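Single-structure report; data block below.
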Amino acid sequence: MKKGVVILQKFISIPTIESGLYMFGGHQHTVNGGWSFFEQKHQVFEVMIVIDGYQLTEIRDHDSMILGPGDGIIIAPGTLHTNSNMSKTAPMTYMCLHFDFEDIQLRSQIISLISNQLIPASSQLAKASQKMLNGIIKLCRNKSLSSDFSIQVEIEILLLKYLKQVNSLILKCQFKLEKR
């Protein structure tokens with residue numbers, strides 16, 4: 001071996017990862033009949049799941065959607081939208097979370113492939129969305145603990161696992177499209 005030459009044996013590189021999650025405005029809410037929320041937009045994603053009742057979601061320049069129990073939607077950043085309870089008398093319960101993350105590829109795939117459309121309750125995506133939101137709601141039931149660092153990390157882990165599932169579902173969908 002030449003002097004000054006270093007041979008790397010069994011070298012395993014760990015990738016550089018810059019990661020950032022941002023979450024706000026997440027909640028589970030039961031609203032009265034006739035409830036509606038003014039037109040709004042966010043610079044982040046919003047995932048919503050209806051638990052009970054029926055929600056009318058209107059997205060500017062799109063057809064209106066009616067979400068029933070278990071149905072969901074992921075609203076893309078910058079999308080003008082309104083939500084209202086379809087019933088004038090019966091309550092409706094829904095869960096939502098506003099979030100963002102730094103992976104440009106997954107962000108663009110969510111925006112172009114699955115956002116701003118009804119996600120049926122029977123779909124894997126709706127089930128994954130509901131599982132993630134239920135898990136976060138469960139962790140936040142005790143308000144005195146919801147600001148605890150370990151609880152916040154658990155919430156981040158739930159969102160990261162959800163994004164991993166979304167990525168996997170998108171890859172499966174793309175593979176099926178390419179096979180045609």
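We label chains A, B, ... in the order they appear in the structure tokens, count residues from 1 in each chain, and number ligands from 1 in the order shown.
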Expected answer as an NGL selection string: alpha helix (DSSP H) residues in segment 8-173 of chain A: :A and (104-109 or 124-140 or 149-173)
Near-segment 63-73 of chain A list (6 Å; only C-alpha atoms; drop same-chain fewer than 2 positions) as number ranges by chain: A: 47-52, 54-58, 118-121, 126
How would the residues just chosen look if you wrote them out with all heavy atoms as a compact mmCIF listing (two decimals), in the first residue's frame?
```
# COMPACT_ATOMS: atom_id res chain seq x y z
N VAL A 47 -55.31 18.73 6.47
CA VAL A 47 -55.96 17.42 6.34
C VAL A 47 -57.19 17.43 7.24
O VAL A 47 -57.12 17.90 8.38
CB VAL A 47 -55.00 16.25 6.67
CG1 VAL A 47 -54.47 16.32 8.08
CG2 VAL A 47 -55.67 14.90 6.40
N MET A 48 -58.31 16.98 6.69
CA MET A 48 -59.57 16.95 7.43
C MET A 48 -60.22 15.58 7.28
O MET A 48 -60.18 14.99 6.19
CB MET A 48 -60.56 17.99 6.90
CG MET A 48 -60.06 19.41 6.97
SD MET A 48 -61.31 20.55 6.36
CE MET A 48 -62.22 20.77 7.86
N ILE A 49 -60.84 15.11 8.35
CA ILE A 49 -61.63 13.88 8.34
C ILE A 49 -62.95 14.18 9.06
O ILE A 49 -62.94 14.76 10.14
CB ILE A 49 -60.90 12.73 9.08
CG1 ILE A 49 -59.64 12.30 8.34
CG2 ILE A 49 -61.84 11.55 9.31
CD1 ILE A 49 -59.86 11.49 7.08
N VAL A 50 -64.05 13.81 8.43
CA VAL A 50 -65.35 13.96 9.08
C VAL A 50 -65.59 12.71 9.92
O VAL A 50 -65.39 11.58 9.44
CB VAL A 50 -66.47 14.14 8.02
CG1 VAL A 50 -67.86 14.08 8.68
CG2 VAL A 50 -66.29 15.46 7.28
N ILE A 51 -65.99 12.91 11.16
CA ILE A 51 -66.27 11.79 12.06
C ILE A 51 -67.76 11.46 12.07
O ILE A 51 -68.15 10.29 12.01
CB ILE A 51 -65.79 12.11 13.50
CG1 ILE A 51 -64.29 12.33 13.51
CG2 ILE A 51 -66.20 11.02 14.48
CD1 ILE A 51 -63.76 12.89 14.81
N ASP A 52 -68.58 12.50 12.14
CA ASP A 52 -70.02 12.30 12.22
C ASP A 52 -70.72 13.45 11.50
O ASP A 52 -70.33 14.60 11.64
CB ASP A 52 -70.44 12.27 13.70
CG ASP A 52 -71.90 11.89 13.88
OD1 ASP A 52 -72.38 11.00 13.18
OD2 ASP A 52 -72.56 12.52 14.74
N TYR A 54 -72.24 15.40 7.90
CA TYR A 54 -71.83 15.64 6.52
C TYR A 54 -71.34 17.06 6.37
O TYR A 54 -71.99 18.00 6.82
CB TYR A 54 -72.99 15.35 5.55
CG TYR A 54 -73.32 13.88 5.53
CD1 TYR A 54 -74.21 13.35 6.46
CD2 TYR A 54 -72.70 13.03 4.63
CE1 TYR A 54 -74.49 11.99 6.46
CE2 TYR A 54 -72.97 11.68 4.63
CZ TYR A 54 -73.87 11.17 5.55
OH TYR A 54 -74.12 9.82 5.56
N GLN A 55 -70.19 17.20 5.73
CA GLN A 55 -69.56 18.51 5.53
C GLN A 55 -69.55 18.84 4.04
O GLN A 55 -69.18 18.00 3.22
CB GLN A 55 -68.13 18.48 6.05
CG GLN A 55 -67.34 19.75 5.76
CD GLN A 55 -65.96 19.72 6.38
OE1 GLN A 55 -65.84 19.75 7.59
NE2 GLN A 55 -64.94 19.64 5.55
N LEU A 56 -69.92 20.07 3.72
CA LEU A 56 -69.78 20.57 2.36
C LEU A 56 -68.46 21.33 2.30
O LEU A 56 -68.24 22.25 3.08
CB LEU A 56 -70.94 21.52 2.01
CG LEU A 56 -70.83 22.20 0.64
CD1 LEU A 56 -70.93 21.18 -0.49
CD2 LEU A 56 -71.90 23.28 0.51
N THR A 57 -67.58 20.91 1.40
CA THR A 57 -66.32 21.60 1.18
C THR A 57 -66.35 22.18 -0.22
O THR A 57 -66.58 21.47 -1.19
CB THR A 57 -65.12 20.64 1.33
OG1 THR A 57 -65.09 20.15 2.68
CG2 THR A 57 -63.80 21.34 1.03
N GLU A 58 -66.13 23.48 -0.28
CA GLU A 58 -66.11 24.18 -1.56
C GLU A 58 -64.73 24.76 -1.77
O GLU A 58 -64.22 25.49 -0.92
CB GLU A 58 -67.17 25.28 -1.59
CG GLU A 58 -68.58 24.71 -1.46
CD GLU A 58 -69.64 25.78 -1.39
OE1 GLU A 58 -69.73 26.45 -0.34
OE2 GLU A 58 -70.36 25.95 -2.39
N LEU A 118 -61.98 14.61 -2.85
CA LEU A 118 -62.56 13.74 -1.82
C LEU A 118 -61.72 12.48 -1.66
O LEU A 118 -61.35 11.85 -2.65
CB LEU A 118 -63.99 13.36 -2.22
CG LEU A 118 -64.70 12.37 -1.29
CD1 LEU A 118 -65.07 13.04 0.01
CD2 LEU A 118 -65.93 11.81 -1.97
N ILE A 119 -61.42 12.15 -0.43
CA ILE A 119 -60.73 10.90 -0.11
C ILE A 119 -61.77 10.00 0.56
O ILE A 119 -62.16 10.25 1.70
CB ILE A 119 -59.53 11.14 0.84
CG1 ILE A 119 -58.54 12.14 0.24
CG2 ILE A 119 -58.84 9.82 1.16
CD1 ILE A 119 -57.49 12.65 1.21
N PRO A 120 -62.26 8.98 -0.16
CA PRO A 120 -63.34 8.13 0.38
C PRO A 120 -62.92 7.40 1.66
O PRO A 120 -61.77 6.97 1.80
CB PRO A 120 -63.63 7.13 -0.74
CG PRO A 120 -62.98 7.69 -1.96
CD PRO A 120 -61.86 8.57 -1.50
N ALA A 121 -63.89 7.24 2.56
CA ALA A 121 -63.64 6.59 3.85
C ALA A 121 -63.04 5.20 3.70
O ALA A 121 -62.26 4.77 4.54
CB ALA A 121 -64.95 6.50 4.64
N ALA A 126 -57.62 7.65 3.54
CA ALA A 126 -58.55 8.16 4.55
C ALA A 126 -58.31 7.46 5.89
O ALA A 126 -58.30 8.10 6.94
CB ALA A 126 -59.99 7.97 4.10
```
Could you name the residues that touch Met132 of chain A at 9 Å or less, counting only C-alpha atoms, but leaving out those on the same chain fewer than 6 positions away, as a tab-separated table (two decimals) with N, CA, C and O atoms, in the first residue's frame?
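Saved the output as out_35.tsv:
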```tsv
chain	number	residue	atom	x	y	z
A	155	ILE	N	-46.23	13.49	18.80
A	155	ILE	CA	-47.08	14.07	17.76
A	155	ILE	C	-46.30	14.17	16.45
A	155	ILE	O	-46.81	13.81	15.38
A	158	LEU	N	-46.03	10.78	14.87
A	158	LEU	CA	-47.28	10.39	14.20
A	158	LEU	C	-47.39	11.06	12.82
A	158	LEU	O	-47.77	10.42	11.84
A	159	LEU	N	-47.05	12.35	12.75
A	159	LEU	CA	-47.12	13.05	11.46
A	159	LEU	C	-46.08	12.49	10.48
A	159	LEU	O	-46.38	12.28	9.30
A	161	LYS	N	-44.80	9.43	10.44
A	161	LYS	CA	-45.26	8.11	10.00
A	161	LYS	C	-46.38	8.24	8.97
A	161	LYS	O	-46.44	7.48	8.01
A	162	TYR	N	-47.24	9.22	9.18
A	162	TYR	CA	-48.32	9.48	8.22
A	162	TYR	C	-47.74	9.90	6.87
A	162	TYR	O	-48.15	9.37	5.83
```
Exercise: Ile136 of chain A partners within 12 Å, only C-alpha atoms, chain neighbours under 2 positions left out, as a ChimeraX atom specification: /A:23,26-28,95-97,129-134,138-142,146,151-160,162
Among listed residues A:Gly53, A:Ser150, A:Phe11, A:Phe45, nearest Thr89 of chain A (using only C-alpha atoms): A:Gly53
DSSP-assigned strand (DSSP E) members of segment 80-125 of chain A, reported as number ranges by chain: A: 81-85, 92-101
Please dump the current selection as an mmCIF file, in the first residue's frame; keep N, CA and C atoms.
```
data_model
loop_
_atom_site.group_PDB
_atom_site.id
_atom_site.type_symbol
_atom_site.label_atom_id
_atom_site.label_comp_id
_atom_site.auth_asym_id
_atom_site.auth_seq_id
_atom_site.Cartn_x
_atom_site.Cartn_y
_atom_site.Cartn_z
ATOM 1 N N HIS A 81 -60.854 28.004 0.192
ATOM 2 C CA HIS A 81 -61.868 26.992 0.475
ATOM 3 C C HIS A 81 -62.795 27.434 1.595
ATOM 4 N N THR A 82 -63.982 26.830 1.611
ATOM 5 C CA THR A 82 -64.929 27.008 2.711
ATOM 6 C C THR A 82 -65.421 25.628 3.126
ATOM 7 N N ASN A 83 -65.822 25.518 4.375
ATOM 8 C CA ASN A 83 -66.391 24.290 4.908
ATOM 9 C C ASN A 83 -67.658 24.641 5.667
ATOM 10 N N SER A 84 -68.671 23.770 5.548
ATOM 11 C CA SER A 84 -69.913 24.008 6.280
ATOM 12 C C SER A 84 -70.584 22.675 6.593
ATOM 13 N N ASN A 85 -71.417 22.703 7.620
ATOM 14 C CA ASN A 85 -72.218 21.547 7.996
ATOM 15 C C ASN A 85 -73.386 21.476 7.018
ATOM 16 N N MET A 92 -72.257 18.210 13.534
ATOM 17 C CA MET A 92 -71.254 17.512 12.715
ATOM 18 C C MET A 92 -69.935 17.560 13.482
ATOM 19 N N THR A 93 -69.176 16.466 13.426
ATOM 20 C CA THR A 93 -67.876 16.424 14.087
ATOM 21 C C THR A 93 -66.808 16.125 13.046
ATOM 22 N N TYR A 94 -65.713 16.861 13.136
ATOM 23 C CA TYR A 94 -64.596 16.656 12.214
ATOM 24 C C TYR A 94 -63.288 16.845 12.976
ATOM 25 N N MET A 95 -62.204 16.377 12.361
ATOM 26 C CA MET A 95 -60.856 16.599 12.876
ATOM 27 C C MET A 95 -60.047 17.235 11.757
ATOM 28 N N CYS A 96 -59.099 18.085 12.118
ATOM 29 C CA CYS A 96 -58.219 18.648 11.092
ATOM 30 C C CYS A 96 -56.857 18.977 11.695
ATOM 31 N N LEU A 97 -55.897 19.134 10.804
ATOM 32 C CA LEU A 97 -54.543 19.535 11.179
ATOM 33 C C LEU A 97 -53.953 20.314 10.014
ATOM 34 N N HIS A 98 -53.383 21.460 10.309
ATOM 35 C CA HIS A 98 -52.630 22.231 9.323
ATOM 36 C C HIS A 98 -51.161 21.868 9.525
ATOM 37 N N PHE A 99 -50.466 21.561 8.433
ATOM 38 C CA PHE A 99 -49.085 21.119 8.573
ATOM 39 C C PHE A 99 -48.285 21.437 7.320
ATOM 40 N N ASP A 100 -46.990 21.435 7.488
ATOM 41 C CA ASP A 100 -46.083 21.572 6.356
ATOM 42 C C ASP A 100 -44.792 20.841 6.690
ATOM 43 N N PHE A 101 -44.018 20.563 5.655
ATOM 44 C CA PHE A 101 -42.759 19.850 5.805
ATOM 45 C C PHE A 101 -41.875 20.234 4.626
#
```
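Between Leu21 of chain A and the candidates A:Asp103, A:Gly33, A:Gly135, A:Ser122, the tightest atom-to-atom separation, counting only C-alpha atoms, involves A:Asp103.
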Option closest in space to Gly34 of chain A, from A:Ala90, A:Ile59, A:Leu80, A:Ile14 [counting only C-alpha atoms]: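 The closest residue to Gly34 of chain A is A:Ala90.
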Distance of atom CA of Ile110 of chain A from atom CA of Ile74 of chain A, expressed in Å to one decimal place: 8.4 Å
